[in-house]
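target22.cif follows; it contains mmCIF, C-alpha atoms.
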data_work
loop_
_atom_site.label_atom_id
_atom_site.label_comp_id
_atom_site.auth_asym_id
_atom_site.auth_seq_id
_atom_site.Cartn_x
_atom_site.Cartn_y
_atom_site.Cartn_z
CA MET A 1 94.35 82.49 44.43
CA ILE A 2 96.15 79.23 45.20
CA ILE A 3 94.44 77.27 47.97
CA LYS A 4 96.90 75.33 50.10
CA LYS A 5 95.77 72.11 51.77
CA SER A 6 96.57 70.83 55.26
CA PRO A 7 98.26 67.43 55.67
CA ASP A 8 94.88 65.98 56.69
CA GLU A 9 93.23 67.41 53.59
CA ILE A 10 96.00 65.97 51.41
CA ASP A 11 95.35 62.59 53.02
CA LYS A 12 91.69 62.93 52.01
CA MET A 13 92.70 63.67 48.43
CA ALA A 14 95.00 60.64 48.54
CA ALA A 15 92.00 58.52 49.59
CA ALA A 16 90.19 59.69 46.45
CA GLY A 17 93.34 58.94 44.47
CA SER A 18 93.56 55.41 45.86
CA ILE A 19 90.08 54.74 44.46
CA LEU A 20 90.89 56.41 41.14
CA VAL A 21 93.84 54.15 40.31
CA ARG A 22 91.62 51.06 40.36
CA PRO A 23 89.27 52.01 37.49
CA LEU A 24 92.30 53.11 35.49
CA ALA A 25 93.77 49.63 35.99
CA LEU A 26 90.37 48.08 35.24
CA ILE A 27 90.11 50.01 31.98
CA GLU A 28 93.63 49.09 30.94
CA GLY A 29 92.75 45.44 31.45
CA LYS A 30 89.64 45.78 29.28
CA VAL A 31 91.28 47.66 26.40
CA ARG A 32 91.27 45.36 23.40
CA GLU A 33 90.13 45.23 19.79
CA GLY A 34 86.33 45.59 19.43
CA VAL A 35 85.67 47.17 22.84
CA THR A 36 83.83 50.51 22.71
CA THR A 37 84.74 53.55 24.75
CA LYS A 38 81.17 53.45 26.11
CA ASP A 39 81.92 49.97 27.51
CA LEU A 40 84.97 51.35 29.32
CA ASP A 41 83.00 54.30 30.66
CA ALA A 42 80.28 52.05 32.11
CA ALA A 43 82.85 49.80 33.83
CA ALA A 44 84.65 52.79 35.37
CA GLU A 45 81.48 54.43 36.64
CA LYS A 46 80.20 51.20 38.18
CA PHE A 47 83.45 50.69 40.08
CA ILE A 48 83.76 54.29 41.27
CA ARG A 49 80.22 54.32 42.65
CA SER A 50 80.74 50.92 44.29
CA GLN A 51 83.46 52.55 46.41
CA GLY A 52 81.14 55.27 47.73
CA ALA A 53 82.73 57.86 45.43
CA GLU A 54 81.48 59.87 42.45
CA PRO A 55 82.87 60.28 38.94
CA ALA A 56 84.08 63.87 38.90
CA PHE A 57 83.56 64.39 35.18
CA LYS A 58 79.95 63.25 34.79
CA GLY A 59 77.80 66.35 34.49
CA TYR A 60 80.78 68.71 34.85
CA ARG A 61 79.85 71.66 32.64
CA GLY A 62 77.49 69.24 30.91
CA PHE A 63 80.02 66.52 30.09
CA PRO A 64 78.05 63.29 29.61
CA GLY A 65 80.67 60.67 30.48
CA SER A 66 82.35 59.40 33.63
CA ILE A 67 85.72 59.23 31.86
CA CYS A 68 87.34 61.02 28.96
CA ALA A 69 88.34 58.51 26.27
CA SER A 70 90.46 60.04 23.50
CA PRO A 71 91.81 57.79 20.72
CA ASN A 72 94.76 58.38 18.41
CA SER A 73 94.87 62.04 17.24
CA MET A 74 92.35 63.13 19.88
CA VAL A 75 94.34 64.80 22.64
CA VAL A 76 91.77 65.07 25.46
CA HIS A 77 88.07 65.34 26.41
CA GLY A 78 86.79 62.50 24.25
CA ILE A 79 83.14 61.64 25.00
CA PRO A 80 82.70 57.87 25.50
CA GLY A 81 80.45 56.34 22.88
CA PRO A 82 80.25 53.79 20.05
CA PHE A 83 83.89 54.17 18.92
CA LYS A 84 85.36 50.65 18.68
CA LEU A 85 89.00 50.13 19.45
CA SER A 86 91.19 48.60 16.75
CA ARG A 87 94.57 46.92 16.94
CA GLY A 88 97.29 49.56 16.77
CA ASP A 89 95.20 52.34 18.31
CA ILE A 90 96.30 54.29 21.35
CA LEU A 91 93.69 55.51 23.83
CA SER A 92 94.10 58.30 26.37
CA VAL A 93 91.90 57.71 29.41
CA ASP A 94 91.32 60.51 31.93
CA VAL A 95 89.48 59.77 35.19
CA GLY A 96 88.36 62.04 38.03
CA VAL A 97 87.02 60.87 41.39
CA ILE A 98 85.27 62.80 44.17
CA LEU A 99 85.37 61.30 47.66
CA ASP A 100 83.97 63.20 50.64
CA GLY A 101 84.14 66.42 48.64
CA TRP A 102 87.79 66.06 47.57
CA VAL A 103 88.86 65.52 43.97
CA ALA A 104 91.64 63.44 42.42
CA ASP A 105 92.45 63.48 38.69
CA ALA A 106 94.74 61.25 36.62
CA ALA A 107 95.23 59.99 33.07
CA VAL A 108 97.10 57.32 31.15
CA THR A 109 97.47 56.48 27.48
CA VAL A 110 97.29 52.77 26.68
CA PRO A 111 98.07 50.75 23.55
CA VAL A 112 95.55 48.50 21.84
CA GLY A 113 97.61 45.44 21.04
CA GLN A 114 100.81 45.96 19.08
CA ILE A 115 101.42 49.62 18.23
CA SER A 116 103.85 51.34 15.89
CA PRO A 117 107.37 52.22 17.06
CA VAL A 118 106.58 55.95 16.93
CA ALA A 119 103.45 55.43 19.03
CA ARG A 120 105.47 53.48 21.60
CA ARG A 121 108.09 56.24 21.77
CA LEU A 122 105.32 58.83 22.17
CA LEU A 123 103.84 56.97 25.14
CA ASP A 124 107.23 56.42 26.76
CA THR A 125 108.24 60.06 26.34
CA THR A 126 104.97 61.49 27.64
CA LYS A 127 105.03 59.25 30.71
CA ALA A 128 108.69 60.13 31.38
CA ALA A 129 107.87 63.84 31.03
CA LEU A 130 105.17 63.48 33.69
CA PHE A 131 107.60 61.97 36.18
CA ASP A 132 110.27 64.56 35.34
CA ALA A 133 107.70 67.26 36.10
CA ALA A 134 106.46 65.59 39.28
CA GLU A 135 110.03 65.47 40.55
CA GLN A 136 110.12 69.26 40.36
CA CYS A 137 107.10 69.61 42.67
CA ARG A 138 109.20 70.55 45.69
CA PRO A 139 109.11 73.48 48.10
CA GLY A 140 111.31 76.31 46.88
CA ASN A 141 111.06 75.37 43.21
CA ARG A 142 108.88 77.44 40.90
CA LEU A 143 106.05 76.58 38.59
CA GLY A 144 108.29 77.20 35.59
CA ASP A 145 110.53 74.34 36.77
CA VAL A 146 107.58 71.95 36.45
CA SER A 147 106.62 73.27 33.02
CA ASN A 148 110.18 73.29 31.73
CA ALA A 149 110.76 69.69 32.82
CA VAL A 150 107.96 68.56 30.49
CA GLN A 151 109.16 70.67 27.58
CA ARG A 152 112.79 69.57 27.92
CA ARG A 153 111.99 65.87 27.84
CA VAL A 154 109.39 66.06 25.07
CA GLU A 155 111.35 68.25 22.68
CA ALA A 156 114.58 66.34 23.28
CA ASP A 157 112.77 63.26 22.01
CA GLY A 158 111.48 65.06 18.91
CA PHE A 159 107.84 65.54 19.89
CA SER A 160 105.71 68.64 20.60
CA VAL A 161 103.99 69.81 23.78
CA VAL A 162 100.44 71.07 23.34
CA ARG A 163 100.61 74.75 24.28
CA SER A 164 96.93 75.67 24.35
CA LEU A 165 96.00 73.25 27.16
CA VAL A 166 97.31 73.27 30.72
CA GLY A 167 97.40 71.38 33.98
CA HIS A 168 95.84 72.98 37.05
CA GLY A 169 95.53 73.20 40.77
CA ILE A 170 93.04 70.82 42.35
CA GLY A 171 91.28 70.30 45.67
CA ARG A 172 87.59 70.66 46.48
CA ASP A 173 87.20 71.91 42.92
CA MET A 174 88.55 70.02 39.96
CA HIS A 175 90.09 73.16 38.46
CA GLU A 176 91.80 75.59 40.81
CA ASP A 177 94.69 77.99 40.44
CA PRO A 178 97.40 77.86 39.24
CA GLN A 179 97.36 76.96 35.58
CA ILE A 180 100.33 74.76 34.66
CA PRO A 181 101.60 75.06 31.08
CA ASN A 182 103.72 72.22 29.70
CA PHE A 183 106.37 74.63 28.45
CA GLY A 184 108.25 77.50 30.00
CA ASP A 185 111.48 78.72 31.56
CA PRO A 186 112.98 77.32 34.75
CA ASP A 187 113.12 79.48 37.89
CA THR A 188 110.09 81.53 36.80
CA GLY A 189 106.52 81.75 38.01
CA VAL A 190 104.89 81.11 41.36
CA GLU A 191 107.03 79.67 44.14
CA LEU A 192 105.94 76.18 45.15
CA LEU A 193 104.98 75.85 48.80
CA PRO A 194 103.93 72.93 51.03
CA GLY A 195 100.20 72.35 50.79
CA MET A 196 99.84 73.16 47.09
CA VAL A 197 98.31 70.32 45.07
CA LEU A 198 98.76 70.22 41.30
CA ALA A 199 97.26 68.16 38.50
CA VAL A 200 100.33 67.79 36.29
CA GLU A 201 99.42 66.55 32.82
CA PRO A 202 101.72 66.51 29.80
CA MET A 203 99.78 66.46 26.52
CA VAL A 204 102.07 65.62 23.62
CA THR A 205 101.79 65.18 19.85
CA VAL A 206 103.97 63.50 17.28
CA GLY A 207 103.60 66.47 14.93
CA ASP A 208 102.90 70.15 15.49
CA HIS A 209 101.58 71.49 18.80
CA ALA A 210 98.50 73.16 17.26
CA ILE A 211 95.08 71.75 18.15
CA ARG A 212 91.48 72.01 16.94
CA MET A 213 88.11 71.57 18.63
CA GLY A 214 85.83 68.74 17.51
CA SER A 215 82.26 69.24 16.34
CA ASP A 216 80.91 68.07 19.73
CA ASN A 217 82.59 71.12 21.36
CA TRP A 218 84.42 68.81 23.80
CA SER A 219 86.95 66.64 22.00
CA VAL A 220 90.28 68.25 21.17
CA TYR A 221 92.43 66.93 18.30
CA SER A 222 95.91 67.58 17.01
CA GLN A 223 95.38 69.96 14.11
CA ASP A 224 97.65 68.01 11.78
CA GLY A 225 96.06 64.64 12.65
CA SER A 226 99.18 63.28 14.31
CA LEU A 227 99.03 60.89 17.26
CA ALA A 228 98.64 62.39 20.73
CA ALA A 229 99.26 61.11 24.26
CA HIS A 230 98.22 62.29 27.73
CA PHE A 231 99.49 61.22 31.15
CA GLU A 232 98.52 62.86 34.45
CA HIS A 233 99.07 62.62 38.20
CA THR A 234 97.68 64.62 41.10
CA VAL A 235 100.78 65.69 43.04
CA ALA A 236 100.98 67.32 46.47
CA ILE A 237 103.92 69.50 47.44
CA THR A 238 105.05 68.55 50.94
CA GLU A 239 107.99 69.35 53.19
CA GLU A 240 109.38 65.90 52.30
CA GLY A 241 109.03 66.48 48.55
CA PRO A 242 106.50 65.43 45.90
CA ARG A 243 103.68 63.13 47.01
CA ILE A 244 101.84 61.47 44.14
CA LEU A 245 98.22 61.04 45.22
CA THR A 246 97.16 58.98 42.17
CA PRO A 247 99.82 56.25 42.03
CA TRP A 248 98.62 54.33 38.98
CA HIS A 249 102.27 53.55 38.24
CA LEU A 250 102.33 51.36 41.35
CA GLU A 251 99.32 49.48 40.02
CA GLU A 252 101.27 48.96 36.79
CA ALA A 253 104.24 47.62 38.73
CA ARG A 254 102.07 45.23 40.74
CA ARG A 255 100.47 43.82 37.58
CA ALA A 256 103.87 43.35 35.94
CA ALA A 257 105.37 41.55 38.96
#
Go ahead and express the file in the form of structure tokens.
Amino acid sequence: MIIKKSPDEIDKMAAAGSILVRPLALIEGKVREGVTTKDLDAAAEKFIRSQGAEPAFKGYRGFPGSICASPNSMVVHGIPGPFKLSRGDILSVDVGVILDGWVADAAVTVPVGQISPVARRLLDTTKAALFDAAEQCRPGNRLGDVSNAVQRRVEADGFSVVRSLVGHGIGRDMHEDPQIPNFGDPDTGVELLPGMVLAVEPMVTVGDHAIRMGSDNWSVYSQDGSLAAHFEHTVAITEEGPRILTPWHLEEARRAA
């Protein structure tokens, strides 16, 4: 069952999202050679709690971290720990925030210093696929339009969408219906209606789309060891069109100005 949100409830999710973008920006500023993913996790948790919010991931189904930190061939769900970043790495960072019972969820993949040309193309493509998909989050479109937008962009650029992991609805619970694959046919699936809120999250690999589970039963890797990237926004479907509730891209623009 898809739970639609009122405009006031969407505003409350946007308030959670406005907090979430700040630790993402904080982490991006701290990413450098020699920093551990545990260091990044501690900084994010401290900031989130300072805003009167809670890290949505900590304790969720037993997850021990406040963020997911997934380097290189790790696609998602990396547990923060002693892993030290090295020049040329890429790091996917996923953050969830709960404010007044409402959840926001977003992710970015950031470079550690100078990265390879293929890594740069992977990041650019995955981010572009996210915005292509968000643009499809309009009343009257269908879920397949969102999924197909990711697949079209990614495969046109020569990369693979991970098929075994999906985006999801979001609201008072982090994972609600519907599931949102990153591949599919346009004009298929559930009709999108005002009040639906979706966590849209392309997960993309340089090589094959197959994945494997790590020994910690959380971290997910590309099966062939190829680089992986992950970008995510929480997007509300409104009468006026898509409303991005986790506008980390605006934080990026402000820092670049």
Pick the closest to Glu176 of chain A from A:Ile3, A:Ala53, A:Val200, A:Val75: which is it, counting all atoms listed in the file?
->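 Among A:Ile3, A:Ala53, A:Val200, A:Val75, it is A:Ile3 that comes nearest to Glu176 of chain A.
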Selection under test: the PyMOL selection byres ((chain A and resi 20) around 7); residues as a ChimeraX atom specification = /A:16-19,21-24,95-97,246
So, counting all atoms listed in the file, which residue among A:Asp187, A:Asp224, A:Glu240, A:Glu251 is closest to Val146 of chain A?
->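 Selected residue with least distance to Val146 of chain A: A:Asp187.
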Between A:Lys4, A:Arg120, A:Arg152, A:Arg138, which is the closest to Ala228 of chain A once you count all atoms listed in the file?
-> A:Arg120
Residue contacts of Pro202 of chain A (12 Å, only C-alpha atoms) excluding same-chain residues fewer than 5 positions away, as number ranges by chain = A: 75-76, 92, 106-109, 122-134, 146-154, 159-168, 180-183, 228-233
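The residues returned by the PyMOL selection byres ((chain A and resi 57-64) around 9) on the shown structure are Glu54, Pro55, Ala56, Gly65, Ser66, Ile67, Cys68, His77, Ile79, Pro80, Val95, Gly96, Val97, Met174 and Trp218 of chain A.
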Residues matched by the PyMOL selection byres ((chain A and resi 196) around 10) as a PyMOL selection string | chain A and resi 2-6+10+137-139+169-171+177-178+192-195+197-198+235-238
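With all atoms listed in the file as the atoms that count, the minimum distance from Phe83 of chain A to the choices A:Gly101, A:Gly34, A:Pro117, A:Pro247 is reached by A:Gly34.
Picture a line from atom CA of Val93 of chain A to atom CA of Gly52 of chain A; it runs 21.4 Å.
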Quote the spacing between atom CA of Leu227 of chain A and atom CA of Thr205 of chain A in Å to one decimal place.
-> 5.7 Å
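With only C-alpha atoms as the atoms that count, the residue of A:Asn141, A:Ser86, A:Ser215, A:Asn72 with the shortest distance to Arg32 of chain A is A:Ser86.
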Do you have the atom CA of Gly81 of chain A-atom CA of Thr36 of chain A distance handy?
->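 That distance, rounded to one decimal, is 6.7 Å.
With only C-alpha atoms as the atoms that count, the residue of A:Asp145, A:Asp157, A:Asp185, A:Asp11 with the shortest distance to Val103 of chain A is A:Asp11.
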Set up a box along x, y and z of the file covering all listed atoms of segment 158-170 of chain A, add 3 Å on every one of the six sides, and write the centre and edge lengths in Å to one decimal, as JSON.
{"center_x": 102.3, "center_y": 70.4, "center_z": 30.6, "size_x": 24.4, "size_y": 16.6, "size_z": 29.4}
Please rebuild segment 140-156 of chain A with N, CA, C and O atoms and return the result as a JSON list (two decimals), keeping the file's coordinate frame.
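Wrote selection-v6.json, looks like this:
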[["chain", "number", "residue", "atom", "x", "y", "z"],
["A", 140, "GLY", "N", 110.19, 75.48, 47.30],
["A", 140, "GLY", "CA", 111.31, 76.31, 46.88],
["A", 140, "GLY", "C", 111.51, 76.34, 45.38],
["A", 140, "GLY", "O", 112.12, 77.28, 44.86],
["A", 141, "ASN", "N", 111.06, 75.31, 44.67],
["A", 141, "ASN", "CA", 111.06, 75.37, 43.21],
["A", 141, "ASN", "C", 109.95, 76.32, 42.75],
["A", 141, "ASN", "O", 109.14, 76.79, 43.56],
["A", 142, "ARG", "N", 109.92, 76.58, 41.46],
["A", 142, "ARG", "CA", 108.88, 77.44, 40.90],
["A", 142, "ARG", "C", 108.09, 76.69, 39.84],
["A", 142, "ARG", "O", 108.54, 75.67, 39.32],
["A", 143, "LEU", "N", 106.93, 77.25, 39.54],
["A", 143, "LEU", "CA", 106.05, 76.58, 38.59],
["A", 143, "LEU", "C", 106.73, 76.38, 37.24],
["A", 143, "LEU", "O", 106.53, 75.36, 36.58],
["A", 144, "GLY", "N", 107.57, 77.34, 36.86],
["A", 144, "GLY", "CA", 108.29, 77.20, 35.59],
["A", 144, "GLY", "C", 109.20, 76.00, 35.56],
["A", 144, "GLY", "O", 109.49, 75.46, 34.48],
["A", 145, "ASP", "N", 109.69, 75.54, 36.73],
["A", 145, "ASP", "CA", 110.53, 74.34, 36.77],
["A", 145, "ASP", "C", 109.73, 73.11, 36.38],
["A", 145, "ASP", "O", 110.25, 72.20, 35.71],
["A", 146, "VAL", "N", 108.46, 73.06, 36.81],
["A", 146, "VAL", "CA", 107.58, 71.95, 36.45],
["A", 146, "VAL", "C", 107.30, 71.98, 34.95],
["A", 146, "VAL", "O", 107.45, 70.96, 34.25],
["A", 147, "SER", "N", 106.93, 73.13, 34.44],
["A", 147, "SER", "CA", 106.62, 73.27, 33.02],
["A", 147, "SER", "C", 107.83, 72.96, 32.15],
["A", 147, "SER", "O", 107.71, 72.25, 31.13],
["A", 148, "ASN", "N", 108.98, 73.48, 32.53],
["A", 148, "ASN", "CA", 110.18, 73.29, 31.73],
["A", 148, "ASN", "C", 110.62, 71.84, 31.70],
["A", 148, "ASN", "O", 111.17, 71.37, 30.69],
["A", 149, "ALA", "N", 110.38, 71.11, 32.79],
["A", 149, "ALA", "CA", 110.76, 69.69, 32.82],
["A", 149, "ALA", "C", 110.01, 68.90, 31.75],
["A", 149, "ALA", "O", 110.59, 68.02, 31.10],
["A", 150, "VAL", "N", 108.73, 69.22, 31.55],
["A", 150, "VAL", "CA", 107.96, 68.56, 30.49],
["A", 150, "VAL", "C", 108.53, 68.93, 29.13],
["A", 150, "VAL", "O", 108.82, 68.07, 28.30],
["A", 151, "GLN", "N", 108.70, 70.21, 28.89],
["A", 151, "GLN", "CA", 109.16, 70.67, 27.58],
["A", 151, "GLN", "C", 110.52, 70.09, 27.22],
["A", 151, "GLN", "O", 110.73, 69.64, 26.07],
["A", 152, "ARG", "N", 111.44, 70.08, 28.18],
["A", 152, "ARG", "CA", 112.79, 69.57, 27.92],
["A", 152, "ARG", "C", 112.74, 68.13, 27.44],
["A", 152, "ARG", "O", 113.37, 67.77, 26.45],
["A", 153, "ARG", "N", 112.03, 67.29, 28.18],
["A", 153, "ARG", "CA", 111.99, 65.87, 27.84],
["A", 153, "ARG", "C", 111.31, 65.65, 26.48],
["A", 153, "ARG", "O", 111.81, 64.92, 25.64],
["A", 154, "VAL", "N", 110.17, 66.29, 26.29],
["A", 154, "VAL", "CA", 109.39, 66.06, 25.07],
["A", 154, "VAL", "C", 110.14, 66.52, 23.84],
["A", 154, "VAL", "O", 110.25, 65.79, 22.84],
["A", 155, "GLU", "N", 110.68, 67.71, 23.87],
["A", 155, "GLU", "CA", 111.35, 68.25, 22.68],
["A", 155, "GLU", "C", 112.68, 67.56, 22.43],
["A", 155, "GLU", "O", 113.09, 67.40, 21.27],
["A", 156, "ALA", "N", 113.34, 67.10, 23.48],
["A", 156, "ALA", "CA", 114.58, 66.34, 23.28],
["A", 156, "ALA", "C", 114.32, 65.05, 22.53],
["A", 156, "ALA", "O", 115.18, 64.55, 21.80]]
